[in-house]
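Engineer: My structure is stored as structure.tsv, with TSV, C-alpha atoms.
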chain	number	residue	atom	x	y	z
A	1	GLN	CA	6.90	23.91	10.09
A	2	VAL	CA	3.57	23.76	8.32
A	3	GLN	CA	2.73	20.60	6.42
A	4	LEU	CA	-0.33	19.54	4.49
A	5	VAL	CA	-0.11	15.94	3.34
A	6	GLU	CA	-2.67	14.52	0.94
A	7	SER	CA	-3.41	10.82	0.57
A	8	GLY	CA	-6.00	8.53	-0.97
A	9	GLY	CA	-5.43	9.13	-4.66
A	10	GLY	CA	-5.09	6.36	-7.19
A	11	LEU	CA	-6.57	4.68	-10.21
A	12	VAL	CA	-10.32	4.10	-10.25
A	13	GLN	CA	-12.81	3.05	-12.91
A	14	PRO	CA	-15.53	5.43	-14.10
A	15	GLY	CA	-18.42	5.35	-11.67
A	16	GLY	CA	-16.17	4.43	-8.78
A	17	SER	CA	-15.37	6.23	-5.55
A	18	LEU	CA	-12.32	7.53	-3.72
A	19	ARG	CA	-11.83	9.33	-0.43
A	20	LEU	CA	-9.02	11.83	-0.23
A	21	SER	CA	-7.54	12.92	3.08
A	22	CYS	CA	-5.33	15.87	3.94
A	23	ALA	CA	-3.57	15.84	7.29
A	24	ALA	CA	-2.29	19.17	8.56
A	25	SER	CA	0.41	19.96	11.09
A	26	GLY	CA	2.04	23.15	12.30
A	27	ILE	CA	-1.13	25.25	12.16
A	28	ILE	CA	-4.11	25.91	14.40
A	29	PHE	CA	-6.28	23.81	12.15
A	30	SER	CA	-9.66	24.88	13.53
A	31	ILE	CA	-9.28	28.53	12.50
A	32	TYR	CA	-8.48	27.79	8.86
A	33	SER	CA	-10.87	27.54	5.96
A	34	LEU	CA	-9.98	24.48	3.92
A	35	ALA	CA	-10.36	23.58	0.30
A	36	TRP	CA	-9.57	21.03	-2.34
A	37	TYR	CA	-8.30	22.18	-5.72
A	38	ARG	CA	-7.36	20.14	-8.75
A	39	GLN	CA	-5.21	20.58	-11.80
A	40	ALA	CA	-5.60	18.45	-14.90
A	41	PRO	CA	-2.84	18.19	-17.49
A	42	GLY	CA	-2.66	21.35	-19.57
A	43	LYS	CA	-5.28	23.13	-17.49
A	44	GLN	CA	-5.30	25.72	-14.74
A	45	ARG	CA	-5.77	24.78	-11.13
A	46	GLU	CA	-9.43	25.03	-10.14
A	47	LEU	CA	-11.40	25.03	-6.92
A	48	VAL	CA	-13.25	21.78	-6.33
A	49	ALA	CA	-14.74	22.26	-2.86
A	50	GLY	CA	-14.30	24.42	0.21
A	51	ILE	CA	-15.35	24.30	3.85
A	52	THR	CA	-15.25	27.12	6.36
A	53	THR	CA	-14.71	27.12	10.10
A	54	ASP	CA	-18.48	27.11	10.63
A	55	LEU	CA	-18.84	24.14	8.27
A	56	SER	CA	-20.32	26.06	5.36
A	57	THR	CA	-19.42	24.34	2.12
A	58	ASN	CA	-19.23	25.25	-1.54
A	59	TYR	CA	-18.61	23.16	-4.63
A	60	ALA	CA	-17.70	23.57	-8.26
A	61	ASP	CA	-20.73	23.00	-10.45
A	62	SER	CA	-18.98	20.07	-12.09
A	63	VAL	CA	-18.82	18.09	-8.83
A	64	LYS	CA	-22.03	19.10	-7.06
A	65	GLY	CA	-23.99	16.08	-5.94
A	66	ARG	CA	-21.00	13.77	-6.41
A	67	PHE	CA	-18.29	15.12	-4.07
A	68	THR	CA	-18.52	15.90	-0.37
A	69	ILE	CA	-15.99	17.88	1.64
A	70	SER	CA	-15.75	17.47	5.42
A	71	ARG	CA	-13.33	18.26	8.21
A	72	ASP	CA	-12.36	16.74	11.54
A	73	ASN	CA	-10.73	19.37	13.71
A	74	ALA	CA	-9.80	16.78	16.34
A	75	LYS	CA	-7.71	14.97	13.74
A	76	ASN	CA	-6.50	18.07	11.88
A	77	THR	CA	-7.78	16.47	8.70
A	78	VAL	CA	-9.96	17.49	5.79
A	79	TYR	CA	-11.59	14.93	3.52
A	80	LEU	CA	-13.00	14.80	0.04
A	81	GLN	CA	-15.41	11.96	-0.67
A	82	MET	CA	-15.65	11.51	-4.43
A	83	ASN	CA	-18.43	9.36	-5.88
A	84	SER	CA	-19.58	8.64	-9.42
A	85	LEU	CA	-16.17	9.54	-10.72
A	86	LYS	CA	-15.76	10.49	-14.36
A	87	PRO	CA	-12.70	10.50	-16.62
A	88	GLU	CA	-12.78	14.30	-16.55
A	89	ASP	CA	-12.14	14.18	-12.80
A	90	THR	CA	-8.62	12.97	-13.56
A	91	ALA	CA	-6.20	15.46	-12.03
A	92	VAL	CA	-3.76	16.13	-9.25
A	93	TYR	CA	-5.78	17.12	-6.20
A	94	TYR	CA	-4.34	19.67	-3.80
A	95	CYS	CA	-5.31	20.57	-0.27
A	96	ASN	CA	-5.34	24.25	0.74
A	97	ALA	CA	-5.59	25.94	4.13
A	98	LEU	CA	-6.44	29.64	4.36
A	99	PHE	CA	-6.56	32.09	7.26
A	100	LYS	CA	-6.62	35.79	6.40
A	101	THR	CA	-3.40	36.30	4.40
A	102	LEU	CA	-1.89	32.95	5.35
A	103	THR	CA	-2.30	30.19	2.81
A	104	TYR	CA	-0.68	26.79	2.63
A	105	TRP	CA	-0.69	24.04	0.03
A	106	GLY	CA	-0.04	20.35	0.01
A	107	LYS	CA	2.01	18.65	-2.70
A	108	GLY	CA	-0.97	16.91	-4.22
A	109	THR	CA	-2.26	13.43	-4.85
A	110	LEU	CA	-3.01	12.02	-8.29
A	111	VAL	CA	-6.47	10.76	-9.14
A	112	THR	CA	-6.86	8.86	-12.40
A	113	VAL	CA	-10.28	7.81	-13.59
A	114	SER	CA	-9.99	5.32	-16.39
A	115	SER	CA	-11.23	1.93	-17.51
What's the structure tokens form of this structure?

Structural biologist:
Amino acid sequence: QVQLVESGGGLVQPGGSLRLSCAASGIIFSIYSLAWYRQAPGKQRELVAGITTDLSTNYADSVKGRFTISRDNAKNTVYLQMNSLKPEDTAVYYCNALFKTLTYWGKGTLVTVSS
């Protein structure tokens, strides 16, 4: 049974930082490309950051220079370090694993940026 479990969300003030984690089980983690998506209320889900098996990364323009995605294949975990958070970063953040036609999603973790 495949599981992706996100953690690390919460309430943070503008300018603050959070580190999200996504622990995977039931897949050969090292062969999957991984990504973080987010969905704000009333908006479509959007790609935030992605990392491939060879550690190439890509970011949404809105988070470049503030967010960093990384992976630890030994721990079957992908991370999203979020710095200089803004109110517009408020959303449910989802972890995604992709290998060819196989794709899996976590249930999400809520990030709220507010004073």

Engineer: Near Cys95 of chain A, counting all atoms listed in the file, which residues have an atom at most 10 Å away, once you skip same-chain residues fewer than 4 positions from it, shown as a count of residues only?

Structural biologist: 25

Engineer: Have a look at A:Leu102, A:Asn73, A:Leu47, A:Ser84 and name the one nearest to Val12 of chain A; count only C-alpha atoms.

Structural biologist: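 The shortest atom-to-atom distance to Val12 of chain A comes from A:Ser84.
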
Engineer: Might you pull out every residue within 6 Å of Gln13 of chain A, with only C-alpha atoms counted and same-chain residues fewer than 2 positions away left off, and present them as a list of chain:residue names?

Structural biologist: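 Residues near the query, excluding close chain neighbours: A:Gly16, A:Val113, A:Ser114, A:Ser115.
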
Engineer: Atom CA of Thr52 of chain A to atom CA of Val92 of chain A: how many Å, to one decimal?

Structural biologist: 22.3 Å

Engineer: Find the residue from A:Arg66, A:Gly9, A:Pro14, A:Ile31 that sits nearest to Tyr93 of chain A; use all atoms listed in the file when measuring.

Structural biologist: A:Gly9

Engineer: With all atoms listed in the file as the basis for distance, which of A:Val48, A:Ile69, A:Val111, A:Ala74 is at the shortest distance from Lys86 of chain A?

Structural biologist: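 Ranked by minimum distance to Lys86 of chain A, first place goes to A:Val111.
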
Engineer: Using atom CA of Ala40 of chain A and atom CA of Val2 of chain A as the two end points, give the distance in Å to one decimal.

Structural biologist: 25.5 Å

Engineer: Which distance in Å separates atom CA of Arg71 of chain A and atom CA of Tyr59 of chain A, to one decimal?

Structural biologist: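 Value for the atom CA of Arg71 of chain A-atom CA of Tyr59 of chain A distance: 14.7 Å.
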
Engineer: Measuring between only C-alpha atoms, which one of A:Leu110, A:Val63, A:Ala97, A:Leu55 shows the shortest distance to Ser25 of chain A?

Structural biologist: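 Smallest distance to Ser25 of chain A is found for A:Ala97.
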
Engineer: Kindly indicate which residue among A:Gln1, A:Ser17, A:Thr53, A:Gln39 lies nearest to Thr90 of chain A, using all atoms listed in the file for the distances.

Structural biologist: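 Closest to Thr90 of chain A, using all atoms listed in the file: A:Gln39.
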
Engineer: Which centre and edge lengths in Å to one decimal define the box along x, y and z that fits every listed atom of segment 12-25 of chain A plus 6 Å per side, as JSON?

Structural biologist:
{"center_x": -9.0, "center_y": 11.5, "center_z": -1.5, "size_x": 30.8, "size_y": 28.9, "size_z": 37.2}

Engineer: Dig up all the protein and nucleic acid residues within 7 Å of (-10.1, 33.3, 7.0) in the file frame, using all atoms listed in the file, and format them as an NGL selection string.

Structural biologist: :A and (32-33 or 98-100)

Engineer: Determine the nearest neighbour of Lys64 of chain A from the options A:Gly8, A:Pro41, A:Met82, A:Thr77, counting all atoms listed in the file.

Structural biologist: A:Met82
